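Content type TSV, C-alpha atoms, from the file coords-v2.tsv:
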chain	number	residue	atom	x	y	z
A	1	MET	CA	-9.34	16.29	20.68
A	2	ASN	CA	-11.52	14.56	18.09
A	3	LYS	CA	-11.77	10.77	17.72
A	4	GLU	CA	-9.13	10.57	14.99
A	5	GLN	CA	-6.66	12.63	17.00
A	6	GLU	CA	-7.36	10.37	19.96
A	7	ILE	CA	-6.52	7.26	17.90
A	8	ALA	CA	-3.33	8.90	16.61
A	9	ALA	CA	-2.33	9.72	20.19
A	10	ILE	CA	-3.01	6.14	21.31
A	11	VAL	CA	-0.92	4.78	18.42
A	12	HIS	CA	1.88	7.13	19.49
A	13	GLN	CA	1.62	5.91	23.08
A	14	LEU	CA	1.88	2.30	21.87
A	15	ARG	CA	4.85	2.95	19.60
A	16	ALA	CA	6.85	5.14	21.97
A	17	PRO	CA	7.91	2.53	24.55
A	18	LEU	CA	8.53	-0.06	21.82
A	19	THR	CA	10.96	2.24	20.06
A	20	GLY	CA	13.28	2.41	23.06
A	21	VAL	CA	13.14	-1.36	23.53
A	22	ARG	CA	13.92	-1.92	19.83
A	23	TRP	CA	16.88	0.45	19.92
A	24	ALA	CA	18.19	-1.13	23.12
A	25	ILE	CA	18.01	-4.66	21.66
A	26	ASP	CA	19.57	-3.40	18.42
A	27	SER	CA	22.43	-2.04	20.47
A	28	LEU	CA	22.86	-5.33	22.38
A	29	VAL	CA	22.80	-7.40	19.15
A	30	ALA	CA	25.39	-5.09	17.58
A	31	GLY	CA	27.64	-5.75	20.58
A	32	ASN	CA	27.71	-2.05	21.42
A	33	VAL	CA	27.50	-2.74	25.14
A	34	GLY	CA	29.81	-5.72	25.28
A	35	PRO	CA	30.19	-9.13	23.67
A	36	ILE	CA	27.27	-11.60	23.71
A	37	SER	CA	27.11	-15.29	22.83
A	38	ASP	CA	25.50	-16.56	19.60
A	39	GLU	CA	22.62	-18.05	21.59
A	40	GLN	CA	21.97	-14.72	23.30
A	41	LYS	CA	22.19	-12.97	19.95
A	42	ASN	CA	19.64	-15.37	18.39
A	43	LEU	CA	17.20	-14.89	21.27
A	44	LEU	CA	17.51	-11.12	21.06
A	45	SER	CA	17.08	-11.22	17.28
A	46	ASP	CA	13.84	-13.19	17.78
A	47	CYS	CA	12.67	-10.53	20.25
A	48	LEU	CA	13.51	-7.88	17.68
A	49	GLY	CA	11.48	-9.76	15.06
A	50	ASN	CA	8.44	-9.80	17.35
A	51	ILE	CA	8.81	-6.10	18.08
A	52	GLU	CA	8.90	-5.38	14.32
A	53	LYS	CA	5.67	-7.40	13.91
A	54	LEU	CA	4.00	-5.46	16.71
A	55	MET	CA	5.15	-2.16	15.19
A	56	SER	CA	3.79	-3.26	11.84
A	57	THR	CA	0.40	-4.16	13.37
A	58	ILE	CA	0.24	-0.77	15.07
A	59	GLN	CA	1.02	0.86	11.71
A	60	ASP	CA	-1.75	-1.20	10.07
A	61	LEU	CA	-4.23	-0.09	12.74
A	62	LEU	CA	-3.38	3.54	12.07
A	63	ALA	CA	-3.78	3.02	8.32
A	64	LEU	CA	-7.06	1.19	8.96
A	65	LYS	CA	-8.39	4.18	10.82
A	66	ASP	CA	-7.57	6.41	7.84
A	67	GLY	CA	-8.85	3.90	5.30
A	68	GLU	CA	-12.19	3.35	6.99
A	69	HIS	CA	-12.75	7.04	7.56
A	70	HIS	CA	-11.78	7.77	3.95
A	71	ASN	CA	-9.35	10.24	5.33
A	72	PHE	CA	-7.57	10.92	2.03
A	73	GLU	CA	-5.64	13.77	0.49
A	74	PHE	CA	-5.84	13.58	-3.29
A	75	THR	CA	-2.95	14.89	-5.38
A	76	LEU	CA	-1.47	14.01	-8.77
A	77	VAL	CA	0.50	10.80	-8.22
A	78	ASN	CA	2.78	8.86	-10.56
A	79	MET	CA	2.02	5.21	-9.83
A	80	ALA	CA	5.21	4.10	-11.60
A	81	ASP	CA	7.19	5.83	-8.83
A	82	ILE	CA	5.00	4.28	-6.12
A	83	MET	CA	5.56	0.79	-7.54
A	84	LYS	CA	9.32	1.24	-7.82
A	85	GLU	CA	9.53	2.74	-4.31
A	86	ALA	CA	7.67	-0.27	-2.86
A	87	VAL	CA	10.19	-2.59	-4.48
A	88	LYS	CA	13.08	-0.49	-3.18
A	89	GLU	CA	11.59	-0.45	0.32
A	90	LEU	CA	11.05	-4.21	0.49
A	91	GLY	CA	13.79	-5.36	-1.87
A	92	GLN	CA	16.07	-6.57	0.92
A	93	ASP	CA	13.42	-9.05	2.11
A	94	ALA	CA	13.29	-10.47	-1.43
A	95	VAL	CA	17.09	-10.62	-1.71
A	96	ARG	CA	17.23	-12.64	1.52
A	97	LYS	CA	14.94	-15.24	-0.10
A	98	HIS	CA	16.70	-15.05	-3.50
A	99	ILE	CA	13.44	-13.86	-5.06
A	100	THR	CA	13.71	-11.89	-8.29
A	101	ILE	CA	11.43	-8.87	-8.68
A	102	ASP	CA	10.81	-7.86	-12.28
A	103	THR	CA	9.65	-4.28	-12.78
A	104	THR	CA	10.31	-3.98	-16.52
A	105	ASN	CA	6.56	-4.23	-17.28
A	106	ILE	CA	5.89	-1.01	-15.37
A	107	GLY	CA	7.49	0.81	-18.28
A	108	LYS	CA	9.07	4.22	-18.33
A	109	ASN	CA	5.93	6.28	-18.86
A	110	THR	CA	4.33	8.41	-16.18
A	111	LEU	CA	1.20	6.72	-14.84
A	112	SER	CA	-0.73	9.69	-13.49
A	113	VAL	CA	-3.68	9.19	-11.18
A	114	MET	CA	-5.44	11.43	-8.68
A	115	ALA	CA	-4.78	9.62	-5.43
A	116	ASP	CA	-3.64	9.82	-1.84
A	117	GLN	CA	0.07	9.12	-2.23
A	118	SER	CA	0.64	7.62	1.22
A	119	LYS	CA	-2.38	5.33	0.85
A	120	MET	CA	-1.20	4.14	-2.56
A	121	ARG	CA	2.13	3.31	-0.94
A	122	ILE	CA	0.25	1.21	1.60
A	123	VAL	CA	-1.54	-0.69	-1.19
A	124	MET	CA	1.63	-1.38	-3.18
A	125	GLU	CA	3.71	-2.25	-0.12
A	126	ASN	CA	1.03	-4.64	1.13
A	127	LEU	CA	0.81	-6.44	-2.21
A	128	VAL	CA	4.57	-6.66	-2.66
A	129	GLU	CA	5.14	-7.64	0.97
A	130	ASN	CA	2.54	-10.43	0.71
A	131	ALA	CA	4.08	-11.65	-2.53
A	132	ILE	CA	7.50	-11.87	-0.88
A	133	LYS	CA	6.08	-13.49	2.26
A	134	TYR	CA	4.21	-16.26	0.46
A	135	THR	CA	6.70	-16.96	-2.34
A	136	PRO	CA	9.30	-19.64	-1.65
A	137	GLU	CA	13.01	-19.09	-2.11
A	138	ASN	CA	14.26	-18.53	-5.67
A	139	GLY	CA	10.77	-17.46	-6.77
A	140	GLN	CA	9.76	-14.61	-9.02
A	141	ILE	CA	7.57	-11.55	-8.55
A	142	THR	CA	6.44	-9.43	-11.50
A	143	LEU	CA	5.00	-5.94	-11.24
A	144	SER	CA	3.08	-4.66	-14.25
A	145	ALA	CA	1.03	-1.66	-15.29
A	146	SER	CA	-1.07	-1.11	-18.36
A	147	LYS	CA	-3.56	1.41	-19.71
A	148	ARG	CA	-7.13	0.15	-19.93
A	149	ASP	CA	-10.31	2.07	-20.80
A	150	GLU	CA	-10.37	5.23	-18.71
A	151	GLY	CA	-7.64	4.19	-16.31
A	152	PHE	CA	-4.83	1.85	-15.42
A	153	VAL	CA	-4.52	-1.75	-14.29
A	154	PHE	CA	-1.70	-2.55	-11.90
A	155	SER	CA	-0.65	-6.05	-10.95
A	156	VAL	CA	1.66	-7.93	-8.62
A	157	GLU	CA	2.16	-11.55	-9.63
A	158	ASP	CA	4.10	-14.10	-7.64
A	159	THR	CA	5.11	-17.75	-7.88
A	160	GLY	CA	3.97	-18.40	-4.33
A	161	MET	CA	1.56	-20.81	-2.67
A	162	GLY	CA	-1.57	-19.43	-4.37
A	163	VAL	CA	-5.00	-18.87	-2.80
A	164	SER	CA	-6.99	-21.95	-1.79
A	165	SER	CA	-10.58	-22.25	-3.03
A	166	GLU	CA	-11.70	-22.13	0.61
A	167	SER	CA	-10.22	-18.64	0.99
A	168	GLU	CA	-11.27	-17.20	-2.36
A	169	ASN	CA	-14.30	-15.34	-1.07
A	170	LYS	CA	-12.82	-14.31	2.25
A	171	ILE	CA	-9.41	-12.96	1.37
A	172	PHE	CA	-10.48	-9.29	1.49
A	173	THR	CA	-12.40	-9.72	4.75
A	174	LYS	CA	-11.10	-7.77	7.73
A	175	PHE	CA	-8.92	-9.88	10.07
A	176	TYR	CA	-9.26	-12.98	7.84
A	177	ARG	CA	-6.20	-15.19	7.52
A	178	SER	CA	-6.22	-18.47	5.61
A	179	LYS	CA	-5.02	-21.69	7.22
A	180	ASP	CA	-2.15	-21.86	4.71
A	181	ALA	CA	-1.10	-18.29	5.51
A	182	ILE	CA	-1.18	-18.98	9.27
A	183	GLU	CA	0.86	-22.13	8.75
A	184	LEU	CA	3.52	-20.28	6.80
A	185	HIS	CA	3.49	-17.08	8.88
A	186	ALA	CA	1.82	-17.52	12.25
A	187	HIS	CA	1.77	-13.78	12.96
A	188	GLY	CA	-0.19	-11.37	10.85
A	189	SER	CA	-3.06	-9.01	11.42
A	190	GLY	CA	-5.28	-9.98	8.50
A	191	ILE	CA	-5.76	-6.29	7.86
A	192	GLY	CA	-3.56	-5.75	4.80
A	193	LEU	CA	-5.79	-6.90	1.92
A	194	TYR	CA	-8.94	-5.52	3.54
A	195	LEU	CA	-7.19	-2.18	3.80
A	196	CYS	CA	-6.05	-2.39	0.15
A	197	GLN	CA	-9.66	-2.98	-0.92
A	198	GLN	CA	-10.94	-0.07	1.18
A	199	ILE	CA	-8.35	2.27	-0.30
A	200	VAL	CA	-8.71	1.14	-3.93
A	201	GLN	CA	-12.52	1.32	-3.81
A	202	ALA	CA	-12.42	4.78	-2.23
A	203	HIS	CA	-10.32	5.85	-5.23
A	204	GLY	CA	-12.97	4.60	-7.67
A	205	GLY	CA	-11.08	1.41	-8.54
A	206	LYS	CA	-11.50	-2.30	-7.91
A	207	ILE	CA	-9.17	-5.01	-6.68
A	208	TRP	CA	-9.22	-8.75	-7.37
A	209	PHE	CA	-6.93	-11.73	-7.81
A	210	GLU	CA	-6.46	-14.56	-10.29
A	211	PRO	CA	-4.25	-17.63	-10.33
A	212	GLY	CA	-0.76	-16.83	-11.64
A	213	LYS	CA	0.69	-17.93	-14.97
A	214	ASP	CA	0.38	-21.71	-15.55
A	215	ASP	CA	-1.69	-21.87	-12.32
A	216	VAL	CA	1.40	-21.14	-10.21
A	217	GLY	CA	1.13	-18.47	-7.52
A	218	THR	CA	-1.27	-15.55	-7.51
A	219	ALA	CA	-1.69	-12.33	-9.42
A	220	PHE	CA	-3.34	-9.41	-7.63
A	221	PHE	CA	-4.81	-6.69	-9.82
A	222	PHE	CA	-6.26	-3.30	-9.09
A	223	THR	CA	-7.58	-0.52	-11.26
A	224	LEU	CA	-7.50	3.25	-10.81
A	225	PRO	CA	-9.00	5.94	-13.01
A	226	SER	CA	-6.36	8.02	-14.76
A	227	ALA	CA	-5.99	11.65	-13.77
A	228	PRO	CA	-8.10	14.07	-15.82
A	229	GLN	CA	-6.08	15.62	-18.65
A	230	LYS	CA	-5.46	19.36	-18.49
A	231	GLU	CA	-7.44	21.32	-21.08
B	1	MET	CA	34.22	23.56	15.04
B	2	THR	CA	34.88	20.21	13.37
B	3	LYS	CA	32.46	17.30	13.15
B	4	GLU	CA	34.60	15.55	15.73
B	5	ASN	CA	33.34	17.96	18.35
B	6	ILE	CA	29.56	18.23	18.10
B	7	HIS	CA	27.39	19.42	20.96
B	8	VAL	CA	23.89	17.95	20.81
B	9	PHE	CA	20.84	19.13	22.73
B	10	LEU	CA	18.16	16.48	23.15
B	11	VAL	CA	14.59	17.26	24.21
B	12	GLU	CA	13.19	13.83	25.05
B	13	ASP	CA	11.15	12.50	27.96
B	14	ASP	CA	11.77	8.76	27.54
B	15	PRO	CA	14.74	7.89	29.79
B	16	LEU	CA	15.61	4.75	27.78
B	17	ILE	CA	15.76	6.64	24.49
B	18	THR	CA	17.73	9.44	26.16
B	19	ARG	CA	20.22	6.95	27.55
B	20	LEU	CA	20.65	5.21	24.18
B	21	ILE	CA	21.15	8.43	22.22
B	22	ALA	CA	23.50	9.79	24.90
B	23	GLY	CA	25.53	6.56	24.71
B	24	GLU	CA	25.77	6.75	20.94
B	25	VAL	CA	26.70	10.45	21.01
B	26	SER	CA	29.38	9.87	23.67
B	27	LYS	CA	30.83	7.01	21.65
B	28	LYS	CA	31.40	9.46	18.80
B	29	GLY	CA	33.25	11.73	21.23
B	30	TRP	CA	30.48	14.34	21.10
B	31	THR	CA	28.70	15.95	24.03
B	32	ILE	CA	25.03	16.07	24.90
B	33	ASP	CA	22.63	17.99	27.12
B	34	ASN	CA	19.04	16.97	27.71
B	35	ASP	CA	15.80	18.45	28.96
B	36	PRO	CA	13.23	15.75	29.68
B	37	THR	CA	10.14	17.95	30.04
B	38	GLY	CA	10.79	20.63	27.46
B	39	LYS	CA	9.94	23.38	29.96
B	40	GLU	CA	13.53	24.50	30.43
B	41	ALA	CA	14.83	23.43	27.01
B	42	VAL	CA	15.23	26.89	25.47
B	43	THR	CA	16.79	28.37	28.63
B	44	LYS	CA	19.31	25.53	28.80
B	45	MET	CA	20.10	25.84	25.07
B	46	LYS	CA	20.75	29.57	25.43
B	47	ALA	CA	23.11	28.94	28.34
B	48	LYS	CA	25.20	26.57	26.21
B	49	VAL	CA	24.33	26.91	22.54
B	50	PRO	CA	24.33	23.47	20.85
B	51	ASP	CA	25.39	22.61	17.29
B	52	ILE	CA	22.22	20.65	16.67
B	53	ILE	CA	18.90	20.06	18.45
B	54	LEU	CA	16.96	16.78	18.56
B	55	LEU	CA	13.38	17.58	19.49
B	56	ASP	CA	10.56	15.21	20.44
B	57	LEU	CA	6.98	16.31	19.83
B	58	MET	CA	4.97	14.84	22.69
B	59	LEU	CA	6.48	16.02	25.95
B	60	PRO	CA	5.04	16.22	29.43
B	61	GLY	CA	5.65	19.92	29.96
B	62	VAL	CA	5.11	21.56	26.61
B	63	ASP	CA	4.32	20.65	23.01
B	64	GLY	CA	7.47	20.16	20.86
B	65	MET	CA	6.05	22.42	18.16
B	66	THR	CA	5.84	25.28	20.70
B	67	ILE	CA	9.51	24.73	21.59
B	68	LEU	CA	10.41	24.79	17.88
B	69	LYS	CA	8.61	28.12	17.43
B	70	ASP	CA	10.39	29.49	20.50
B	71	ILE	CA	13.80	28.34	19.22
B	72	LYS	CA	13.22	30.09	15.90
B	73	THR	CA	12.51	33.42	17.63
B	74	GLN	CA	15.76	33.37	19.64
B	75	PRO	CA	18.57	35.18	17.78
B	76	GLU	CA	21.28	32.89	19.21
B	77	LEU	CA	19.32	29.70	18.41
B	78	LYS	CA	17.36	30.40	15.25
B	79	ASP	CA	20.09	29.12	12.91
B	80	ILE	CA	20.78	25.93	14.86
B	81	PRO	CA	19.49	22.93	12.86
B	82	VAL	CA	16.56	21.15	14.52
B	83	LEU	CA	15.85	17.48	13.84
B	84	MET	CA	12.36	16.44	14.87
B	85	LEU	CA	12.34	13.01	16.45
B	86	SER	CA	8.91	11.56	17.07
B	87	ASN	CA	6.52	8.71	16.47
B	88	LEU	CA	3.73	11.19	15.86
B	89	ALA	CA	4.68	11.35	12.19
B	90	GLU	CA	1.36	12.40	10.70
B	91	ALA	CA	1.66	14.32	7.42
B	92	ASP	CA	0.33	17.57	8.95
B	93	LYS	CA	2.88	17.42	11.78
B	94	ILE	CA	5.75	16.84	9.35
B	95	GLU	CA	4.62	19.76	7.20
B	96	GLU	CA	4.08	22.06	10.18
B	97	SER	CA	7.55	21.34	11.56
B	98	ARG	CA	9.11	22.00	8.13
B	99	ASN	CA	7.23	25.27	7.83
B	100	LEU	CA	8.50	26.25	11.25
B	101	GLY	CA	12.09	25.61	10.17
B	102	ALA	CA	12.97	22.05	11.25
B	103	VAL	CA	15.51	20.51	8.87
B	104	LYS	CA	14.18	16.97	9.05
B	105	PHE	CA	11.48	14.85	10.67
B	106	LEU	CA	12.70	11.43	11.80
B	107	MET	CA	10.10	8.89	12.76
B	108	LYS	CA	11.46	6.96	15.72
B	109	ALA	CA	9.69	3.73	14.80
B	110	THR	CA	11.42	3.51	11.43
B	111	SER	CA	14.77	5.05	12.40
B	112	SER	CA	17.74	3.38	14.00
B	113	MET	CA	20.47	4.76	16.22
B	114	SER	CA	22.82	4.83	13.23
B	115	THR	CA	20.26	6.87	11.23
B	116	ILE	CA	20.23	9.45	13.99
B	117	VAL	CA	24.01	9.68	14.12
B	118	THR	CA	24.17	9.98	10.32
B	119	GLU	CA	21.54	12.73	10.33
B	120	ILE	CA	23.36	14.64	13.06
B	121	GLU	CA	26.58	14.54	11.03
B	122	ALA	CA	24.79	15.49	7.82
B	123	ASN	CA	22.94	18.46	9.30
B	124	VAL	CA	25.48	20.11	11.57
B	125	LYS	CA	26.70	23.22	9.82

Now, as a test, write the supplied structure out as structure tokens.
Amino acid sequence: MNKEQEIAAIVHQLRAPLTGVRWAIDSLVAGNVGPISDEQKNLLSDCLGNIEKLMSTIQDLLALKDGEHHNFEFTLVNMADIMKEAVKELGQDAVRKHITIDTTNIGKNTLSVMADQSKMRIVMENLVENAIKYTPENGQITLSASKRDEGFVFSVEDTGMGVSSESENKIFTKFYRSKDAIELHAHGSGIGLYLCQQIVQAHGGKIWFEPGKDDVGTAFFFTLPSAPQKE
Amino acid sequence: MTKENIHVFLVEDDPLITRLIAGEVSKKGWTIDNDPTGKEAVTKMKAKVPDIILLDLMLPGVDGMTILKDIKTQPELKDIPVLMLSNLAEADKIEESRNLGAVKFLMKATSSMSTIVTEIEANVK
């Protein structure tokens, strides 16, 4: 077993017992094994929330292993689909906070890049998930894509809390979490944006952020070279 | 056979997961057999042919992929739909199981009990 297979096996061993616990709590919350009080239900729901966070950290660690080892499989990928899928995947979290996600700027054209599809999903899901996490209720998130030079620029803009000047130079650092982010969401691995940077750079692109429109919120951008045209 | 009377065979070593799936299956009025190590799975399946097989990958006795290959060489089992159920959902494992004839690969960490029930109903012939 090589080192990567060993890590995958460890991740499996971490996830396996958690899965059973999550399903069991799910079952209790649903009242499948008898009625429970509201207080019991709330406590169990909190446990479930913590399990989801742990699962998500384990998933990040697995992705980190792939990202740092540049373990990619390049195929022709339509980034428009990846962006829309990320919104579909995380849309319920936005609905719960009454946040509107605007995808009209992605357009209807195919945005073809040579990329590792699963890693591009990680990038988009991280950016959209962060935008939802740090945007207050009734906010707005806008996903855009445009052609520039030899490639594309993709962006996720929110009306959230923005990035403090103190964090500007550290936000893509592994395990870094800003004070504001910790205050708003105590749990988080600090891996997401570092991983996004690793993945985007390994695809020949760059990632950065700017203040959002009228200095409200943040806009994250990343570039990718477009796929070579067939002769 | 109607979908009210499904016989499930589960190859799973985690007793908690086995208990939860068995509970859910029983609630639907279906029946279930289980082999926790995988070593006797194919023998047990041949003795009482199931309508669908739920197969874990990492088992103490034998690799799930080996069991899948074995199932597909048995005339009485080869047409029974196999749902892979594992947390080892790496792209190569998913592809290998599809190539070997599994109908679906469900990642435990992102699935729920209701997903499993829905997939059983959807895939039983």

> When the cut-off is 12 Å and we count all atoms listed in the file, which residues of chain B are near chain A, given as an NGL selection string?
Replying inline: :B and (12-21 or 23-24 or 27 or 56-59 or 85-93 or 107-116)

> What is the atom CA of Ala131 of chain A-atom CA of Ile25 of chain A distance in Å, reported with one decimal?
Replying inline: 28.8 Å

> To one decimal place, how far is atom CA of Thr43 of chain B from atom CA of Val11 of chain B in Å?
Replying inline: 12.2 Å

> Mind pulling up the distance from atom CA of Gly91 of chain A to atom CA of Phe222 of chain A?
Replying inline: 21.4 Å

I'd like the box whose edges run along x, y and z of the file and which contains every listed atom of segment 21-38 of chain B, padded by 8 Å per side; could you state its centre and edge lengths in Å, one decimal, as JSON?
{"center_x": 21.7, "center_y": 13.6, "center_z": 24.4, "size_x": 39.1, "size_y": 30.1, "size_z": 27.2}

> Looking at B:Thr31, B:Ala41, B:Glu95, B:Phe9, which one is nearest to Val82 of chain B, with distances taken over only C-alpha atoms?
Replying inline: B:Phe9

Neighbours of Met84 of chain B within 7 Å (all atoms listed in the file; same-chain residues fewer than 4 positions away dropped), as an mmCIF file with C-alpha atoms, keeping the file's coordinate frame?
data_model
loop_
_atom_site.group_PDB
_atom_site.id
_atom_site.type_symbol
_atom_site.label_atom_id
_atom_site.label_comp_id
_atom_site.auth_asym_id
_atom_site.auth_seq_id
_atom_site.Cartn_x
_atom_site.Cartn_y
_atom_site.Cartn_z
ATOM 1 C CA LEU B 54 16.960 16.780 18.560
ATOM 2 C CA LEU B 55 13.380 17.580 19.490
ATOM 3 C CA ASP B 56 10.560 15.210 20.440
ATOM 4 C CA ALA B 102 12.970 22.050 11.250
ATOM 5 C CA LYS B 104 14.180 16.970 9.050
ATOM 6 C CA PHE B 105 11.480 14.850 10.670
ATOM 7 C CA LEU B 106 12.700 11.430 11.800
#

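Between Leu83 of chain B and the candidates B:Pro60, B:Gly38, B:Gly29, B:Gly101, the tightest atom-to-atom separation, counting all atoms listed in the file, involves B:Gly101.
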
> Nearest to Gly217 of chain A among A:Val77, A:Leu28, A:Ile101, A:Val163, with distances taken over all atoms listed in the file: which residue is it?
Replying inline: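 Of all the options, A:Val163 lies closest to Gly217 of chain A.
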
Residues at most 7 Å from Phe220 of chain A, counting all atoms listed in the file, excluding those fewer than 5 positions away in the same chain, as a compact mmCIF listing (two decimals) with C-alpha atoms, in the coordinates of the input?
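Output contents, as saved in result.txt:
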# COMPACT_ATOMS: atom_id res chain seq x y z
CA SER A 155 -0.65 -6.05 -10.95
CA VAL A 156 1.66 -7.93 -8.62
CA GLU A 157 2.16 -11.55 -9.63
CA TRP A 208 -9.22 -8.75 -7.37
CA PHE A 209 -6.93 -11.73 -7.81
CA GLU A 210 -6.46 -14.56 -10.29

Would you list the residues near (-8.9, 6.1, -12.8), meaning any protein, DNA or RNA residue with an atom at most 10 Å from that point in file coordinates, counting all atoms listed in the file, as a compact mmCIF listing (two decimals) with C-alpha atoms, in the frame of the given file?
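out.txt, freshly written:
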# COMPACT_ATOMS: atom_id res chain seq x y z
CA SER A 112 -0.73 9.69 -13.49
CA VAL A 113 -3.68 9.19 -11.18
CA MET A 114 -5.44 11.43 -8.68
CA ALA A 115 -4.78 9.62 -5.43
CA LYS A 147 -3.56 1.41 -19.71
CA ARG A 148 -7.13 0.15 -19.93
CA ASP A 149 -10.31 2.07 -20.80
CA GLU A 150 -10.37 5.23 -18.71
CA GLY A 151 -7.64 4.19 -16.31
CA PHE A 152 -4.83 1.85 -15.42
CA VAL A 153 -4.52 -1.75 -14.29
CA HIS A 203 -10.32 5.85 -5.23
CA GLY A 204 -12.97 4.60 -7.67
CA GLY A 205 -11.08 1.41 -8.54
CA THR A 223 -7.58 -0.52 -11.26
CA LEU A 224 -7.50 3.25 -10.81
CA PRO A 225 -9.00 5.94 -13.01
CA SER A 226 -6.36 8.02 -14.76
CA ALA A 227 -5.99 11.65 -13.77
CA PRO A 228 -8.10 14.07 -15.82

>> I want to know what sits within 8 Å of Pro81 of chain B, based on only C-alpha atoms, with residues of the same chain fewer than 6 positions away left out; could you give that as a count of residues only?
In response: 8

> Nearest to Ile120 of chain B among B:Val62, B:Leu68, B:Val49, B:Ile80, with distances taken over only C-alpha atoms: which residue is it?
Replying inline: B:Ile80

>> Counting only C-alpha atoms, which residue out of B:Pro50, B:Asp79, B:Glu96, B:Asn34 sits closest to Thr66 of chain B?
In response: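 Nearest candidate to Thr66 of chain B out of B:Pro50, B:Asp79, B:Glu96, B:Asn34: B:Glu96.
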
> Out of A:Lys206, A:Lys88, A:Lys119, A:Lys213, which residue has the shortest atom-to-atom distance to Lys65 of chain A when counting all atoms listed in the file?
Replying inline: A:Lys119

>> If we count all atoms listed in the file and set the cut-off at 10 Å, which residues sit around Asp81 of chain A, ignoring sequence neighbours fewer than 2 positions away in its own chain? Please answer as number ranges by chain.
In response: A: 77-79, 83-87, 106, 108, 110-112, 121
